[in-house]
Amino acid sequence: MVAGLCFVKRTMHKKLLLHEEAGVQKVKEIGIMNDAQKLKMILDKLSWKILKMLSKQEMYPIEIAKQLGIHEQKAYYHIRKLIGAGAVVIAREEKKKGAIAKYYKTVSPAFGIELEEEYRIEQLISSLSIDNQLQEFFKEFIDEKGAFKGKIVVGSPTPHGPFKTSSRDGHYASNLTFFLGQFIKMPEEFIIKLDVDVKAEKEEKKNLILVGGPGTNLLTQEVNKHLPIRFNMQSSNQGFLFGGLGSKKTSRVYTADAVGVIAKIANPQDNNKRVIVIAGNKAVGTKACVLALTKFWKKTLRSFTVDSEFATVIQGFDLAGDGKVDSIEVLE
């Protein structure tokens, strides 16, 4: 009868159990039962003890019997019950003293019973413990299904625009998308576009996240005059000259390469949409701003308030001394 256990096969519907611990979201697989009789078989006192043992390690019945101080036939009996309920399977077989020892394990590290009820769609951002400031900052960029709503716009890597520049900071958007992917679902369509494509397809009226300064991103160039902290662009015989970032609030001017601005304003072409600008004086400044929003967002957004324009000046620092920006300070 015991040998026949090799041919017993049960399947159990499995899902993922989401759990938060110290601010970190973790998941584990959970076996779902919808049969009260099978649940009763698992909840037998001795069966439950064996189930807990097998959830920690693979074991064979004689081992179980010795640890519990019961006859091995009793251990076999309860293992057969657990197999019948679909909670335990044979993990492997091993020769021991001329015989074949069958090692058993649980099919899942957790078990639950599910009642019949329809699932509801919720925005994933509301189901995770994401800081309220972060939720509010990106709320217009999340649709009713929790997917990203808008475009992330980077400068074209080929010479373009009045400055005939090639973008060297567009790839920093990849870090931003990895960060957003923690709490916003991926939409069906591509969300990252080149500035020249957005203009050609007339998509300027959408929710936009602009990565890169006005020298390399045509959309940043267009909204620059609407920013509370904006890039100084002065006309000259050669076209335009950049004079760093200027703040209307403090009248300060920031000219360092590793300085940039993170701003959120109403879209000048549609007040119901929003534009987020992540841009530096140079490419390293854009990198500092992306780092500020993805790694140091609590510090970066501390002065952000809902339904009002927001802009903050970021400076990047190389604390490790390896030539790469790895930390930031909020200058205003």
# chains A, B, ... in the order shown; residues from 1 in each chain; ligands from 1
call {"tool": "residues_around", "arguments": {"residues": "A:Tyr77", "least_positions_apart": "5", "cutoff": "10 Å", "atoms": "only C-alpha atoms", "output": "PyMOL selection string"}}
result
chain A and resi 2+47+61+72+82
call {"tool": "residues_around", "arguments": {"residues": "stretch 164-171 of chain A", "least_positions_apart": "6", "cutoff": "7 Å", "atoms": "only C-alpha atoms", "output": "list in words"}}
result
Val154, Gly155, Ser156, Pro157, Thr158, Val211, Gly212, Gly215, Thr216, Ala283 and Thr286 of chain A
call {"tool": "closest_atom_pairs", "arguments": {"of": "stretch 71-179 of chain A", "to": "stretch 32-46 of chain A", "cutoff": "6 Å", "atoms": "only C-alpha atoms", "output": "Markdown table"}}
result
| residue | atom | partner | partner_atom | distance |
| --- | --- | --- | --- | --- |
| A:Ala85 | CA | A:Lys38 | CA | 4.8 |
| A:Phe111 | CA | A:Ile32 | CA | 6.0 |
| A:Gly112 | CA | A:Ile32 | CA | 5.0 |
| A:Ile113 | CA | A:Met33 | CA | 4.7 |
| A:Glu114 | CA | A:Asn34 | CA | 5.9 |
call {"tool": "select_by_dssp", "arguments": {"residues": "stretch 125-254 of chain A", "states": "strand (DSSP E)", "output": "PyMOL selection string"}}
result
chain A and resi 151-154+192-194+208-211+229-236+239-247+253-254
call {"tool": "write_last_selection", "arguments": {"atoms": "C-alpha atoms", "output": "CSV table (one decimal), in the first residue's frame"}}
result
chain,number,residue,atom,x,y,z
A,151,LYS,CA,4.4,59.4,-21.8
A,152,ILE,CA,8.0,59.5,-20.6
A,153,VAL,CA,9.8,61.7,-23.1
A,154,VAL,CA,13.5,61.7,-23.7
A,192,ILE,CA,8.9,56.0,-23.6
A,193,LYS,CA,9.1,58.2,-26.6
A,194,LEU,CA,11.6,60.6,-28.2
A,208,LEU,CA,4.2,63.9,-19.6
A,209,ILE,CA,7.4,63.1,-17.7
A,210,LEU,CA,10.2,64.9,-19.4
A,211,VAL,CA,13.8,63.6,-18.9
A,229,ILE,CA,12.6,77.2,-11.4
A,230,ARG,CA,13.7,77.5,-15.0
A,231,PHE,CA,16.7,77.3,-17.2
A,232,ASN,CA,18.2,80.6,-18.3
A,233,MET,CA,18.1,80.7,-22.1
A,234,GLN,CA,19.4,83.9,-23.6
A,235,SER,CA,19.3,84.7,-27.3
A,236,SER,CA,22.5,85.6,-29.0
A,239,GLY,CA,21.3,81.1,-31.2
A,240,PHE,CA,20.8,80.6,-27.4
A,241,LEU,CA,23.2,80.7,-24.4
A,242,PHE,CA,22.5,78.6,-21.3
A,243,GLY,CA,23.1,80.4,-18.0
A,244,GLY,CA,22.1,77.6,-15.5
A,245,LEU,CA,19.0,77.4,-13.4
A,246,GLY,CA,17.3,80.5,-12.1
A,247,SER,CA,14.8,80.5,-9.2
A,253,VAL,CA,21.2,81.0,-10.0
A,254,TYR,CA,22.7,77.5,-10.2
call {"tool": "residues_around", "arguments": {"residues": "A:Arg274", "least_positions_apart": "2", "cutoff": "9 Å", "atoms": "only C-alpha atoms", "output": "list in words"}}
result
Glu140, Phe141, Lys205, Lys206, Asn207, Leu208, Ile209, Lys264, Ile265, Ala266, Asn267, Pro268, Asp270, Asn271, Asn272 and Ile276 of chain A
call {"tool": "residues_around", "arguments": {"residues": "A:Lys26", "least_positions_apart": "6", "cutoff": "10 Å", "atoms": "only C-alpha atoms", "output": "ChimeraX atom specification"}}
result
/A:16-20
call {"tool": "residues_around", "arguments": {"residues": "A:Leu291", "least_positions_apart": "4", "cutoff": "8 Å", "atoms": "only C-alpha atoms", "output": "PyMOL selection string"}}
result
chain A and resi 287+295-296+326-328
call {"tool": "write_last_selection", "arguments": {"atoms": "C-alpha atoms", "output": "PDB file, in the first residue's frame"}}
result
ATOM      1  CA  LYS A 287      21.243  61.778 -13.476  1.00  0.00           C
ATOM      2  CA  LYS A 295      16.366  56.701  -4.244  1.00  0.00           C
ATOM      3  CA  PHE A 296      15.969  59.828  -2.125  1.00  0.00           C
ATOM      4  CA  ASP A 326      25.732  58.532  -5.831  1.00  0.00           C
ATOM      5  CA  SER A 327      24.114  61.045  -3.468  1.00  0.00           C
ATOM      6  CA  ILE A 328      22.121  64.272  -3.618  1.00  0.00           C
TER       7      ILE A 328
END
call {"tool": "closest_residue", "arguments": {"among": "A:Glu332, A:Ile79, A:Ser108, A:Gly323", "to": "A:Ser251", "atoms": "only C-alpha atoms"}}
result
A:Glu332
call {"tool": "residues_around", "arguments": {"residues": "stretch 186-188 of chain A", "least_positions_apart": "3", "cutoff": "10 Å", "atoms": "only C-alpha atoms", "output": "ChimeraX atom specification"}}
result
/A:142-143,145-150,177,180-181,183,191
call {"tool": "write_last_selection", "arguments": {"atoms": "N, CA and C atoms", "output": "CSV table (one decimal), in the first residue's frame"}}
result
chain,number,residue,atom,x,y,z
A,142,ILE,N,-1.5,57.5,-13.2
A,142,ILE,CA,-2.0,56.1,-12.9
A,142,ILE,C,-3.5,56.0,-13.3
A,143,ASP,N,-3.9,55.1,-14.2
A,143,ASP,CA,-5.3,55.0,-14.6
A,143,ASP,C,-6.0,54.2,-13.6
A,145,LYS,N,-7.0,51.2,-13.6
A,145,LYS,CA,-6.6,49.8,-13.5
A,145,LYS,C,-5.2,49.7,-12.9
A,146,GLY,N,-4.6,50.9,-12.5
A,146,GLY,CA,-3.3,50.9,-11.9
A,146,GLY,C,-2.2,50.9,-12.9
A,147,ALA,N,-2.4,51.1,-14.1
A,147,ALA,CA,-1.4,51.2,-15.2
A,147,ALA,C,-0.9,52.6,-15.4
A,148,PHE,N,0.3,52.7,-15.9
A,148,PHE,CA,0.8,54.1,-16.2
A,148,PHE,C,0.0,54.8,-17.3
A,149,LYS,N,-0.3,56.0,-17.0
A,149,LYS,CA,-1.1,56.8,-18.0
A,149,LYS,C,-0.3,58.1,-18.4
A,150,GLY,N,0.3,58.1,-19.5
A,150,GLY,CA,1.0,59.2,-20.0
A,150,GLY,C,2.2,58.7,-20.8
A,177,THR,N,11.9,54.1,-14.8
A,177,THR,CA,10.8,53.2,-15.1
A,177,THR,C,10.9,52.0,-14.2
A,180,LEU,N,9.2,53.2,-11.0
A,180,LEU,CA,7.8,53.3,-11.2
A,180,LEU,C,7.1,51.9,-11.2
A,181,GLY,N,7.8,50.9,-11.8
A,181,GLY,CA,7.3,49.6,-12.0
A,181,GLY,C,7.0,48.9,-10.6
A,183,PHE,N,5.2,50.1,-8.3
A,183,PHE,CA,3.9,50.4,-7.8
A,183,PHE,C,2.9,50.8,-8.9
A,191,ILE,N,5.6,53.5,-23.4
A,191,ILE,CA,5.4,54.7,-22.7
A,191,ILE,C,6.6,55.7,-22.9
call {"tool": "atom_distance", "arguments": {"atom1": "atom CA of A:Glu144", "atom2": "atom CA of A:Lys185"}}
result
10.9 Å
